[in-house]
$ cat run-v4.cif   # mmCIF, C-alpha atoms
data_query
loop_
_atom_site.label_atom_id
_atom_site.label_comp_id
_atom_site.auth_asym_id
_atom_site.auth_seq_id
_atom_site.Cartn_x
_atom_site.Cartn_y
_atom_site.Cartn_z
CA MET A 1 -30.20 1.95 41.92
CA GLY A 2 -29.76 -1.74 42.58
CA GLU A 3 -26.73 -3.38 44.06
CA ILE A 4 -25.27 -6.81 44.45
CA ASN A 5 -23.50 -8.61 47.22
CA ALA A 6 -20.66 -9.83 45.08
CA VAL A 7 -17.18 -10.60 46.29
CA LYS A 8 -13.91 -10.65 44.46
CA GLY A 9 -13.20 -14.12 43.12
CA GLU A 10 -16.84 -15.11 42.88
CA ARG A 11 -17.50 -17.35 39.92
CA ILE A 12 -20.05 -16.57 37.24
CA GLY A 13 -21.37 -19.49 35.26
CA PRO A 14 -20.58 -21.87 33.78
CA LEU A 15 -23.05 -21.71 30.96
CA THR A 16 -22.89 -24.01 27.97
CA MET A 17 -24.13 -22.72 24.64
CA VAL A 18 -24.25 -24.50 21.30
CA ALA A 19 -24.70 -22.24 18.29
CA THR A 20 -26.62 -24.03 15.58
CA LYS A 21 -26.62 -22.86 11.99
CA THR A 22 -30.12 -21.52 12.58
CA ASP A 23 -28.78 -19.51 15.51
CA LEU A 24 -26.06 -18.09 13.29
CA VAL A 25 -28.56 -17.12 10.62
CA LYS A 26 -30.85 -15.53 13.23
CA PHE A 27 -27.91 -13.66 14.67
CA ALA A 28 -26.87 -12.53 11.20
CA GLY A 29 -30.38 -11.22 10.61
CA SER A 30 -30.72 -9.40 13.90
CA SER A 31 -27.21 -7.96 13.89
CA GLN A 32 -27.04 -7.29 10.14
CA ASP A 33 -23.72 -9.16 9.98
CA PHE A 34 -24.15 -11.27 6.87
CA ASN A 35 -20.54 -12.31 6.45
CA LEU A 36 -20.65 -15.65 4.61
CA ILE A 37 -18.12 -17.26 6.93
CA HIS A 38 -20.97 -17.64 9.41
CA TYR A 39 -23.39 -19.66 7.28
CA ASP A 40 -21.81 -20.73 3.97
CA ALA A 41 -19.51 -23.68 4.57
CA ASP A 42 -17.89 -23.61 1.14
CA TYR A 43 -17.03 -19.96 1.52
CA ALA A 44 -15.77 -20.47 5.06
CA ILE A 45 -13.48 -23.24 3.83
CA SER A 46 -12.18 -20.97 1.07
CA ARG A 47 -11.25 -18.49 3.77
CA GLY A 48 -9.24 -21.11 5.64
CA PHE A 49 -11.78 -22.29 8.22
CA PRO A 50 -12.82 -25.92 8.68
CA THR A 51 -16.52 -24.98 8.41
CA VAL A 52 -18.75 -22.05 9.33
CA ILE A 53 -17.68 -20.25 12.49
CA VAL A 54 -19.60 -18.60 15.29
CA HIS A 55 -19.73 -14.80 15.20
CA GLY A 56 -17.34 -13.22 17.66
CA PHE A 57 -20.10 -10.86 18.70
CA LEU A 58 -22.38 -13.81 19.44
CA LYS A 59 -19.82 -15.31 21.80
CA ALA A 60 -19.37 -11.91 23.42
CA GLY A 61 -23.14 -11.70 23.63
CA TYR A 62 -23.30 -15.05 25.46
CA LEU A 63 -20.77 -13.80 27.98
CA ALA A 64 -22.35 -10.41 28.56
CA GLN A 65 -25.82 -11.86 28.90
CA MET A 66 -24.63 -14.57 31.27
CA ALA A 67 -23.10 -11.91 33.51
CA LEU A 68 -26.19 -9.71 33.41
CA GLU A 69 -28.45 -12.65 34.30
CA TRP A 70 -26.13 -13.28 37.23
CA ALA A 71 -26.14 -9.60 38.23
CA GLY A 72 -29.92 -9.38 38.27
CA PRO A 73 -32.54 -6.73 37.41
CA GLY A 74 -31.34 -3.27 36.43
CA ALA A 75 -27.79 -4.40 35.66
CA TRP A 76 -26.02 -3.08 32.61
CA PHE A 77 -22.47 -2.96 31.33
CA SER A 78 -21.02 0.52 31.28
CA GLU A 79 -17.86 -0.92 29.76
CA PHE A 80 -17.39 -4.15 27.91
CA GLY A 81 -14.64 -5.57 25.74
CA ALA A 82 -13.84 -8.85 24.07
CA THR A 83 -10.79 -10.24 22.36
CA TYR A 84 -11.19 -13.21 20.06
CA ARG A 85 -8.33 -15.66 20.40
CA GLY A 86 -9.74 -18.64 18.56
CA VAL A 87 -12.63 -19.70 16.42
CA ASP A 88 -15.61 -21.71 17.59
CA LEU A 89 -17.35 -23.90 15.08
CA VAL A 90 -21.05 -24.26 14.45
CA GLY A 91 -22.64 -27.03 16.49
CA GLN A 92 -19.84 -27.34 19.00
CA PRO A 93 -20.31 -26.58 22.70
CA ILE A 94 -19.06 -23.23 23.94
CA LEU A 95 -18.47 -23.07 27.67
CA CYS A 96 -18.90 -19.62 29.18
CA TRP A 97 -17.22 -18.67 32.43
CA GLY A 98 -16.70 -15.57 34.50
CA VAL A 99 -15.18 -14.28 37.70
CA VAL A 100 -15.58 -11.11 39.74
CA THR A 101 -12.30 -9.20 39.78
CA LYS A 102 -13.43 -6.16 41.77
CA ALA A 103 -16.58 -5.59 43.79
CA GLU A 104 -17.88 -2.28 45.03
CA LYS A 105 -21.28 -1.27 46.33
CA ASP A 106 -22.74 -0.27 42.98
CA ARG A 107 -20.10 -1.40 40.56
CA VAL A 108 -18.57 -4.78 39.77
CA GLU A 109 -15.72 -5.60 37.45
CA VAL A 110 -15.70 -9.00 35.84
CA GLU A 111 -13.58 -11.14 33.60
CA LEU A 112 -15.39 -13.51 31.30
CA TRP A 113 -14.25 -16.08 28.80
CA THR A 114 -15.37 -18.86 26.51
CA GLU A 115 -13.75 -22.25 26.20
CA ASN A 116 -14.05 -24.74 23.39
CA VAL A 117 -14.25 -28.51 23.77
CA ALA A 118 -10.47 -28.69 23.94
CA GLN A 119 -10.64 -26.35 26.96
CA GLU A 120 -8.88 -23.62 24.99
CA LYS A 121 -9.96 -20.09 25.78
CA THR A 122 -11.35 -18.67 22.55
CA THR A 123 -12.80 -15.38 23.82
CA LEU A 124 -11.42 -13.20 26.60
CA SER A 125 -13.65 -10.50 27.93
CA GLU A 126 -13.82 -7.95 30.69
CA GLY A 127 -16.36 -5.41 31.74
CA VAL A 128 -17.86 -3.14 34.32
CA ILE A 129 -21.39 -3.83 35.54
CA GLN A 130 -23.49 -1.08 37.07
CA TRP A 131 -27.10 -0.90 38.13
CA GLN A 132 -29.74 1.47 36.88
CA MET B 133 -1.23 -12.00 -15.71
CA ILE B 134 -2.49 -8.69 -17.05
CA LEU B 135 -6.12 -9.23 -16.10
CA ASP B 136 -7.46 -8.07 -12.82
CA ILE B 137 -9.24 -11.01 -11.21
CA LYS B 138 -12.59 -9.30 -10.99
CA ASP B 139 -12.52 -8.12 -14.57
CA LYS B 140 -11.99 -11.41 -16.36
CA ASN B 141 -15.50 -12.39 -17.36
CA GLY B 142 -16.40 -10.63 -20.58
CA PHE B 143 -12.98 -9.06 -20.83
CA VAL B 144 -12.26 -7.85 -24.36
CA PHE B 145 -8.65 -8.03 -25.45
CA GLU B 146 -7.08 -5.13 -27.26
CA GLU B 147 -7.43 -5.55 -31.01
CA ILE B 148 -4.25 -6.32 -32.89
CA GLY B 149 -4.03 -5.16 -36.47
CA PRO B 150 -3.73 -4.58 -39.22
CA VAL B 151 -1.41 -7.54 -39.52
CA ARG B 152 -0.06 -8.60 -42.90
CA CYS B 153 1.42 -12.02 -43.44
CA SER B 154 4.40 -11.95 -45.78
CA ILE B 155 5.74 -14.45 -48.32
CA GLU B 156 8.70 -14.87 -46.01
CA ASP B 157 6.35 -15.86 -43.18
CA MET B 158 4.83 -18.52 -45.41
CA VAL B 159 8.19 -19.83 -46.56
CA ARG B 160 9.45 -20.04 -43.01
CA TRP B 161 6.25 -21.88 -42.09
CA ALA B 162 6.64 -24.28 -45.00
CA GLY B 163 10.21 -24.98 -43.95
CA SER B 164 9.40 -25.52 -40.31
CA CYS B 165 6.46 -27.85 -40.83
CA ASP B 166 7.64 -29.47 -44.02
CA ASP B 167 4.51 -28.46 -45.91
CA PHE B 168 5.63 -27.16 -49.28
CA THR B 169 2.23 -26.81 -50.88
CA ASN B 170 3.19 -24.03 -53.21
CA PHE B 171 0.03 -21.95 -53.40
CA HIS B 172 0.90 -20.73 -49.88
CA TYR B 173 4.03 -18.90 -51.08
CA GLU B 174 4.01 -18.78 -54.87
CA ALA B 175 1.70 -16.25 -56.50
CA SER B 176 1.45 -18.04 -59.83
CA ALA B 177 0.57 -21.33 -58.18
CA ALA B 178 -2.09 -19.59 -56.17
CA GLN B 179 -3.54 -17.88 -59.25
CA ALA B 180 -3.52 -21.21 -61.09
CA ARG B 181 -5.78 -22.50 -58.29
CA GLY B 182 -8.09 -19.53 -58.66
CA PHE B 183 -6.80 -17.41 -55.75
CA ARG B 184 -5.86 -13.78 -56.18
CA ALA B 185 -2.76 -14.17 -54.02
CA PRO B 186 -0.93 -16.84 -51.98
CA VAL B 187 -3.21 -18.33 -49.37
CA ILE B 188 -2.25 -18.17 -45.69
CA ASN B 189 -1.92 -21.59 -44.08
CA GLY B 190 -4.75 -22.41 -41.70
CA PRO B 191 -2.34 -23.93 -39.14
CA TRP B 192 -0.27 -20.74 -39.29
CA LYS B 193 -3.35 -18.77 -38.25
CA ALA B 194 -4.01 -21.28 -35.47
CA MET B 195 -0.45 -20.83 -34.24
CA VAL B 196 -0.79 -17.05 -34.33
CA ILE B 197 -4.01 -17.21 -32.33
CA ARG B 198 -2.48 -19.41 -29.65
CA ASN B 199 0.49 -17.09 -29.35
CA LEU B 200 -1.83 -14.10 -29.23
CA LEU B 201 -3.50 -15.46 -26.13
CA ASN B 202 -0.17 -15.44 -24.36
CA VAL B 203 0.37 -11.87 -25.47
CA TRP B 204 -3.06 -10.85 -24.29
CA LEU B 205 -2.91 -12.76 -21.01
CA GLY B 206 0.58 -11.58 -20.29
CA SER B 207 1.92 -14.98 -19.35
CA GLU B 208 2.54 -18.41 -20.71
CA GLY B 209 -0.87 -20.01 -20.66
CA LYS B 210 -1.46 -23.73 -20.81
CA THR B 211 -3.89 -24.55 -23.62
CA LEU B 212 -6.36 -27.18 -22.48
CA LYS B 213 -8.73 -27.20 -25.46
CA PHE B 214 -8.50 -25.56 -28.85
CA SER B 215 -10.79 -25.59 -31.85
CA ILE B 216 -10.73 -23.47 -34.95
CA LYS B 217 -13.01 -22.89 -37.91
CA TYR B 218 -11.71 -21.53 -41.20
CA LEU B 219 -14.63 -19.61 -42.63
CA ASP B 220 -12.90 -17.86 -45.47
CA THR B 221 -9.50 -17.44 -47.04
CA ASP B 222 -6.90 -14.95 -45.92
CA PHE B 223 -4.26 -13.86 -48.37
CA VAL B 224 -0.61 -13.00 -48.07
CA GLY B 225 -0.09 -9.21 -47.95
CA GLU B 226 -3.67 -8.37 -47.04
CA GLU B 227 -4.97 -6.86 -43.81
CA MET B 228 -6.03 -9.04 -40.90
CA TYR B 229 -7.35 -7.94 -37.52
CA MET B 230 -7.22 -10.14 -34.41
CA ASN B 231 -9.94 -9.78 -31.79
CA GLY B 232 -10.53 -11.81 -28.67
CA ARG B 233 -12.59 -11.87 -25.52
CA VAL B 234 -13.14 -14.01 -22.47
CA ILE B 235 -16.51 -15.72 -22.76
CA GLU B 236 -16.38 -17.81 -19.59
CA VAL B 237 -14.40 -18.09 -16.38
CA ILE B 238 -14.39 -21.85 -15.96
CA SER B 239 -12.57 -21.88 -12.65
CA ASP B 240 -10.79 -19.38 -10.47
CA SER B 241 -8.54 -20.45 -7.65
CA ASP B 242 -5.74 -18.79 -5.75
CA ASP B 243 -3.21 -20.46 -8.03
CA PHE B 244 -4.78 -20.76 -11.46
CA VAL B 245 -7.49 -19.24 -13.57
CA GLN B 246 -9.11 -21.26 -16.33
CA LEU B 247 -10.70 -19.23 -19.09
CA LYS B 248 -12.63 -19.93 -22.24
CA CYS B 249 -11.74 -17.40 -24.92
CA GLU B 250 -13.16 -16.64 -28.31
CA ILE B 251 -10.79 -15.28 -30.95
CA LYS B 252 -11.69 -14.03 -34.38
CA ILE B 253 -9.66 -12.98 -37.38
CA THR B 254 -11.33 -10.37 -39.58
CA ASN B 255 -10.12 -9.28 -43.01
CA GLY B 256 -9.90 -5.75 -44.38
CA GLU B 257 -13.51 -5.99 -45.53
CA GLN B 258 -14.56 -6.69 -41.93
CA LYS B 259 -15.50 -10.24 -42.77
CA VAL B 260 -14.71 -12.89 -40.17
CA THR B 261 -12.44 -15.44 -41.80
CA THR B 262 -11.42 -17.48 -38.77
CA GLU B 263 -13.04 -18.31 -35.46
CA ALA B 264 -11.36 -20.12 -32.60
CA LEU B 265 -12.38 -21.27 -29.14
CA CYS B 266 -9.67 -21.86 -26.61
CA GLU B 267 -9.68 -23.00 -23.02
CA VAL B 268 -6.53 -21.83 -21.36
CA GLN B 269 -5.16 -22.11 -17.86
CA VAL B 270 -3.00 -19.28 -16.64
CA GLN B 271 -1.31 -18.62 -13.38
CA ALA B 272 -3.28 -16.26 -11.22
CA GLU B 273 -1.88 -12.85 -10.53
CA GLN B 274 0.98 -13.36 -8.13
CA ILE B 275 1.75 -11.02 -5.31
CA SER B 276 3.74 -11.87 -2.25
CA GLU B 277 2.86 -9.06 0.10
CA ILE B 278 -0.19 -7.28 1.42
CA PRO B 279 -0.52 -3.98 -0.46
CA MET B 280 -0.46 -1.71 2.58
CA ALA B 281 -0.20 1.52 0.60
CA ARG B 282 -3.43 0.72 -1.23
CA LEU B 283 -5.09 -0.30 2.04
CA LEU B 284 -4.11 2.90 3.84
CA GLU B 285 -5.40 4.90 0.90
CA VAL B 286 -8.87 3.35 1.04
CA LEU B 287 -9.12 3.34 4.84
CA GLU B 288 -8.36 7.08 5.04
CA ILE B 289 -6.97 6.78 8.54
CA GLY B 290 -8.28 9.54 10.78
CA THR B 291 -11.06 10.66 8.45
CA PRO B 292 -14.55 10.22 9.96
CA LYS B 293 -17.19 8.59 7.79
CA GLY B 294 -20.89 9.01 8.30
CA PRO B 295 -23.00 9.56 10.20
CA PHE B 296 -24.97 6.40 9.58
CA VAL B 297 -28.34 6.50 11.31
CA TYR B 298 -29.88 3.30 12.63
CA GLU B 299 -33.15 2.78 14.44
CA ILE B 300 -32.95 0.05 17.05
CA ALA B 301 -35.86 -2.14 16.00
CA LYS B 302 -37.75 -4.00 18.71
CA THR B 303 -37.96 -7.18 16.63
CA ASP B 304 -34.21 -7.19 16.02
CA VAL B 305 -33.50 -6.70 19.70
CA GLU B 306 -35.84 -9.50 20.72
CA ARG B 307 -34.39 -11.91 18.17
CA TYR B 308 -30.86 -10.93 19.14
CA SER B 309 -31.70 -11.37 22.81
CA ARG B 310 -33.06 -14.85 22.27
CA VAL B 311 -30.01 -15.99 20.32
CA ILE B 312 -27.58 -14.82 23.01
CA GLY B 313 -29.56 -16.67 25.66
CA LYS B 314 -31.53 -13.93 27.39
CA LYS B 315 -34.17 -15.67 29.47
CA ASN B 316 -36.83 -12.97 29.10
CA PRO B 317 -36.11 -11.18 25.83
CA THR B 318 -38.89 -8.63 26.27
CA ASP B 319 -38.48 -7.74 29.95
CA SER B 320 -36.28 -4.70 29.48
CA GLU B 321 -36.04 -1.69 27.21
CA PHE B 322 -32.25 -1.90 27.42
CA VAL B 323 -30.65 -3.44 24.37
CA PRO B 324 -28.09 -6.23 24.84
CA THR B 325 -24.58 -5.10 25.74
CA THR B 326 -23.05 -6.29 22.47
CA PHE B 327 -25.75 -4.77 20.28
CA PHE B 328 -23.38 -1.90 19.50
CA GLY B 329 -21.94 -4.32 16.94
CA ALA B 330 -25.27 -4.31 15.15
CA LEU B 331 -24.95 -0.55 14.82
CA ASP B 332 -21.59 -0.71 13.11
CA PRO B 333 -21.64 0.35 9.45
CA ILE B 334 -18.69 -1.93 8.74
CA GLU B 335 -20.37 -5.02 10.21
CA ARG B 336 -23.58 -4.09 8.41
CA ARG B 337 -21.61 -3.51 5.21
CA ASP B 338 -23.06 -0.06 4.76
CA LEU B 339 -19.44 1.01 4.53
CA CYS B 340 -17.20 -1.27 2.47
CA VAL B 341 -13.77 0.14 1.83
CA ASP B 342 -11.38 -2.80 2.01
CA ASP B 343 -13.23 -5.56 0.19
CA PHE B 344 -10.35 -5.83 -2.24
CA LEU B 345 -8.38 -7.64 0.47
CA LEU B 346 -10.54 -10.72 -0.03
CA GLU B 347 -9.84 -10.65 -3.77
CA LEU B 348 -6.08 -10.67 -3.35
CA PRO B 349 -4.48 -13.79 -4.82
CA LEU B 350 -3.05 -14.69 -1.43
CA LYS B 351 -3.93 -17.75 0.60
CA LYS B 352 -6.35 -16.86 3.38
CA VAL B 353 -6.13 -18.81 6.60
CA GLY B 354 -8.77 -17.22 8.79
CA GLY B 355 -9.83 -13.92 10.19
CA GLY B 356 -12.82 -11.99 11.44
CA ASN B 357 -13.33 -9.87 14.51
CA ALA B 358 -10.15 -9.49 16.54
CA PHE B 359 -11.48 -7.38 19.37
CA ASN B 360 -14.31 -5.06 20.35
CA LYS B 361 -14.53 -2.67 23.24
CA VAL B 362 -17.35 -0.33 24.11
CA VAL B 363 -17.87 2.36 26.74
CA TYR B 364 -21.46 3.39 27.28
CA LYS B 365 -22.57 6.68 28.81
CA ARG B 366 -25.92 5.01 29.37
CA PRO B 367 -27.69 1.88 28.14
CA LEU B 368 -29.11 2.03 24.62
CA LYS B 369 -32.85 1.55 24.38
CA THR B 370 -35.18 -0.12 21.92
CA GLY B 371 -36.71 2.33 19.46
CA GLU B 372 -33.89 4.85 19.62
CA LYS B 373 -32.28 6.28 16.52
CA ILE B 374 -28.53 6.21 16.84
CA SER B 375 -26.10 8.13 14.62
CA VAL B 376 -22.80 6.37 14.13
CA THR B 377 -19.61 7.95 12.87
CA THR B 378 -16.79 5.57 11.95
CA THR B 379 -13.12 6.44 11.76
CA TYR B 380 -10.32 4.06 10.88
CA VAL B 381 -7.53 4.76 13.31
CA ASP B 382 -4.90 2.14 12.53
CA ALA B 383 -3.84 -0.66 10.22
CA TYR B 384 -0.90 -2.89 10.92
CA ILE B 385 0.60 -6.30 10.31
CA LYS B 386 1.75 -8.86 12.85
CA LYS B 387 3.47 -12.10 12.04
CA SER B 388 2.54 -15.17 14.00
CA GLY B 389 4.42 -18.30 13.00
CA ASN B 390 3.75 -18.81 9.33
CA ARG B 391 0.68 -16.58 9.39
CA THR B 392 0.61 -12.91 8.57
CA LEU B 393 -2.14 -11.08 10.41
CA LEU B 394 -3.53 -7.88 8.99
CA PHE B 395 -5.41 -5.73 11.49
CA ARG B 396 -7.68 -2.80 10.68
CA VAL B 397 -8.86 -0.80 13.67
CA ARG B 398 -11.77 1.62 13.72
CA GLU B 399 -13.56 3.69 16.31
CA ASN B 400 -17.26 4.40 16.34
CA ILE B 401 -18.91 7.33 18.03
CA MET B 402 -22.59 6.73 18.73
CA ALA B 403 -24.94 9.63 19.43
CA ASP B 404 -28.63 9.82 20.20
CA GLU B 405 -31.21 11.98 18.40
CA SER B 406 -30.20 14.98 20.51
CA GLY B 407 -26.65 14.62 19.27
CA ILE B 408 -25.42 13.55 22.69
CA GLN B 409 -22.75 10.87 22.65
CA VAL B 410 -24.07 7.68 24.21
CA ALA B 411 -21.27 5.27 23.44
CA HIS B 412 -17.83 4.92 21.96
CA SER B 413 -16.38 1.68 20.62
CA ARG B 414 -13.03 0.51 19.32
CA ASN B 415 -13.10 -2.47 17.01
CA GLY B 416 -10.51 -4.54 15.21
CA HIS B 417 -10.87 -6.85 12.27
CA VAL B 418 -8.15 -9.28 11.32
CA LEU B 419 -7.39 -11.22 8.18
CA ALA B 420 -4.87 -14.04 8.29
CA PHE B 421 -2.76 -14.88 5.26
CA ALA B 422 -0.20 -17.56 4.52
CA LEU B 423 2.28 -15.50 2.58
CA PRO B 424 5.19 -16.96 0.65
CA ASN B 425 8.37 -16.93 2.74
CA ALA B 426 6.59 -15.58 5.83
CA SER B 427 8.25 -16.45 9.11
CA GLY B 428 9.10 -15.02 12.51
CA SER B 429 6.86 -13.49 15.12
CA GLU B 430 7.75 -9.81 15.20
CA ALA B 431 5.17 -7.09 14.98
CA VAL B 432 5.42 -4.88 11.94
CA LYS B 433 3.71 -1.52 12.19
#
$ encode --input "run-v4.cif" --output "structure tokens"
Amino acid sequence: MGEINAVKGERIGPLTMVATKTDLVKFAGSSQDFNLIHYDADYAISRGFPTVIVHGFLKAGYLAQMALEWAGPGAWFSEFGATYRGVDLVGQPILCWGVVTKAEKDRVEVELWTENVAQEKTTLSEGVIQWQ
Amino acid sequence: MILDIKDKNGFVFEEIGPVRCSIEDMVRWAGSCDDFTNFHYEASAAQARGFRAPVINGPWKAMVIRNLLNVWLGSEGKTLKFSIKYLDTDFVGEEMYMNGRVIEVISDSDDFVQLKCEIKITNGEQKVTTEALCEVQVQAEQISEIPMARLLEVLEIGTPKGPFVYEIAKTDVERYSRVIGKKNPTDSEFVPTTFFGALDPIERRDLCVDDFLLELPLKKVGGGNAFNKVVYKRPLKTGEKISVTTTYVDAYIKKSGNRTLLFRVRENIMADESGIQVAHSRNGHVLAFALPNASGSEAVK
């Protein structure tokens, strides 16, 4: 089992991601989430969005992956959750952040979040990282 | 409006008939439009012109057809275009049958529906005597609230659905990993943390129970995933077959400013091929509506 020398309050990130329409289509294909709000602008507008929006799961995926890259080989989330507070639009930067909230020898708890260009938190996440 | 939104195209109206126009109808018509051509109400005048009975006014039939559309559509429609062909004569006292159908949905918005309708009048010998085409705009079906009773019925709260069996394909995992920014997409057999969402029959639309919400004639102002939470017993691995059982556990409304948020919450139990539970997730979808007269910020369960 691996371990990490993390301390409470340690920052994770930042990581900036920009989801292109191609990314959204690739994500739709690999996750089987073909909701039109993620690639059909006319439909997204009819649903009350300004244009196509980034999948919530994709934003959560950015956050989880960022934390696992930080945690190193063998790391995996035994618990992970995300709450979506705001939409992120295709082609706009998404800033991913995280912080260690509890650090033990073989277990780390983290909070993660995304921010849009207006510095509004659009995704709030938390999880428990362990090592295989 | 009597038509369900999704049923409009090709909708056939209920036949009306037999209808018999009376002499009184023709006299009233003559009086109201100041057309006293007598073969429309006087049998002898009609016979003198070679007709077996008084002839029904063409404009009277046009008026009947336009009124019929309102009867059929269940509301006062606004006629945008109207054309009529008189193919044969209809006579006072004889049978007529009115038939109509929607031949095109020209536009369909939250507020109005524009339809092209074809209407025919057939006589007792089943011969079409009159054909009309009408483009009419009618107000869309109006509702002011989310139909929670219908929603709860289709969600079947507490009733498990499935299992749905999904194989975690290597190509999907690699593509997924690249999109979420994994630096070495092929360096681990563990699937990405959030891949449990790709094993969700609701997200995959293998289970579609509440699609009618998107058809409601209510203004939508957003929505999508509200939250997801997963607890893994162990990491999922590429190539595994995972059985997923989905259970809706809650549905509720919250008001936020002038938006009404409808949440549907479900839990997924994921098991491996041995039947051992490997993960459990709780997921919420939200739809946001701008309902008439919505205000306040209280939660409504």
$ closest_residue --input "run-v4.cif" --among "B:Gly354, B:Pro324, B:Gly371, B:Gly407" --to "Val87 of chain A" --atoms "only C-alpha atoms"
B:Gly354
$ closest_residue --input "run-v4.cif" --among "B:Thr254, B:Asn360, B:Thr370, B:Asn400" --to "Phe80 of chain A" --atoms "all atoms listed in the file"
B:Asn360
$ atom_distance --input "run-v4.cif" --atom1 "atom CA of Asp167 of chain B" --atom2 "atom CA of Thr261 of chain B"
21.8 Å
$ closest_residue --input "run-v4.cif" --among "A:Thr101, A:Ser30, A:Asn5, A:Thr123" --to "chain B" --atoms "only C-alpha atoms"
A:Ser30
$ residues_around --input "run-v4.cif" --residues "Phe223 of chain B" --least-positions-apart "2" --cutoff "8 Å" --atoms "all atoms listed in the file" --output "PDB file with C-alpha atoms, in the coordinates of the input"
ATOM      1  CA  CYS B 153       1.420 -12.020 -43.440  1.00  0.00           C
ATOM      2  CA  ARG B 184      -5.860 -13.780 -56.180  1.00  0.00           C
ATOM      3  CA  ALA B 185      -2.760 -14.170 -54.020  1.00  0.00           C
ATOM      4  CA  PRO B 186      -0.930 -16.840 -51.980  1.00  0.00           C
ATOM      5  CA  VAL B 187      -3.210 -18.330 -49.370  1.00  0.00           C
ATOM      6  CA  ILE B 188      -2.250 -18.170 -45.690  1.00  0.00           C
ATOM      7  CA  THR B 221      -9.500 -17.440 -47.040  1.00  0.00           C
ATOM      8  CA  GLY B 225      -0.090  -9.210 -47.950  1.00  0.00           C
ATOM      9  CA  GLU B 226      -3.670  -8.370 -47.040  1.00  0.00           C
TER      10      GLU B 226
END
$ residues_near_point --input "run-v4.cif" --point "(-21.8, -14.7, 14.9)" --cutoff "12 Å" --atoms "only C-alpha atoms" --output "ChimeraX atom specification"
/A:18-39,52-62,84,87-90 /B:308,311-312,326-327,329-330,335,356-357
$ closest_residue --input "run-v4.cif" --among "A:Gln65, A:Gln92, A:Ser46, A:Thr122" --to "Ile12 of chain A" --atoms "only C-alpha atoms"
A:Gln65
$ closest_residue --input "run-v4.cif" --among "B:Ala281, B:Val270, B:Val323, B:Ala403" --to "chain A" --atoms "only C-alpha atoms"
B:Val323
$ closest_residue --input "run-v4.cif" --among "A:Leu63, A:Val108, A:Ile94, A:Ala103" --to "chain B" --atoms "only C-alpha atoms"
A:Leu63
$ atom_distance --input "run-v4.cif" --atom1 "atom CA of Val99 of chain A" --atom2 "atom CA of Trp76 of chain A"
16.4 Å
$ resolve_selection --input "run-v4.cif" --expression "the PyMOL selection byres ((chain B and resi 365) around 10)" --output "ChimeraX atom specification"
/A:77-79 /B:362-364,366-368,408-412
$ residues_around --input "run-v4.cif" --residues "segment 264-266 of chain B" --least-positions-apart "2" --cutoff "6 Å" --atoms "only C-alpha atoms" --output "PyMOL selection string"
chain B and resi 213-216+248-251
$ atom_distance --input "run-v4.cif" --atom1 "atom CA of Asp332 of chain B" --atom2 "atom CA of Ser375 of chain B"
10.0 Å
$ resolve_selection --input "run-v4.cif" --expression "the PyMOL selection byres ((chain A and resi 112) around 6)" --output "PyMOL selection string"
chain A and resi 97-98+111+113+125-126
$ residues_around --input "run-v4.cif" --residues "Met66 of chain A" --least-positions-apart "3" --cutoff "8 Å" --atoms "all atoms listed in the file" --output "PyMOL selection string"
(chain A and resi 12-13+15+62-63+69-70+96) or (chain B and resi 313-314)
$ residues_near_point --input "run-v4.cif" --point "(-27.0, 0.8, 37.2)" --cutoff "10 Å" --atoms "all atoms listed in the file" --output "ChimeraX atom specification"
/A:1-3,73-78,106-107,129-132 /B:366-367
$ write_last_selection --input "run-v4.cif" --atoms "C-alpha atoms" --output "PDB file, in the frame of the given file"
ATOM      1  CA  MET A   1     -30.200   1.950  41.920  1.00  0.00           C
ATOM      2  CA  GLY A   2     -29.760  -1.740  42.580  1.00  0.00           C
ATOM      3  CA  GLU A   3     -26.730  -3.380  44.060  1.00  0.00           C
ATOM      4  CA  PRO A  73     -32.540  -6.730  37.410  1.00  0.00           C
ATOM      5  CA  GLY A  74     -31.340  -3.270  36.430  1.00  0.00           C
ATOM      6  CA  ALA A  75     -27.790  -4.400  35.660  1.00  0.00           C
ATOM      7  CA  TRP A  76     -26.020  -3.080  32.610  1.00  0.00           C
ATOM      8  CA  PHE A  77     -22.470  -2.960  31.330  1.00  0.00           C
ATOM      9  CA  SER A  78     -21.020   0.520  31.280  1.00  0.00           C
ATOM     10  CA  ASP A 106     -22.740  -0.270  42.980  1.00  0.00           C
ATOM     11  CA  ARG A 107     -20.100  -1.400  40.560  1.00  0.00           C
ATOM     12  CA  ILE A 129     -21.390  -3.830  35.540  1.00  0.00           C
ATOM     13  CA  GLN A 130     -23.490  -1.080  37.070  1.00  0.00           C
ATOM     14  CA  TRP A 131     -27.100  -0.900  38.130  1.00  0.00           C
ATOM     15  CA  GLN A 132     -29.740   1.470  36.880  1.00  0.00           C
TER      16      GLN A 132
ATOM     17  CA  ARG B 366     -25.920   5.010  29.370  1.00  0.00           C
ATOM     18  CA  PRO B 367     -27.690   1.880  28.140  1.00  0.00           C
TER      19      PRO B 367
END
$ resolve_selection --input "run-v4.cif" --expression "the PyMOL selection byres ((chain B and resi 191) around 12)" --output "ChimeraX atom specification"
/B:158,161-162,164-165,167,172,187-190,192-198,215-218,262,264
$ residues_around --input "run-v4.cif" --residues "Tyr173 of chain B" --least-positions-apart "2" --cutoff "7 Å" --atoms "all atoms listed in the file" --output "PyMOL selection string"
chain B and resi 155+158-159+170-171+175+186
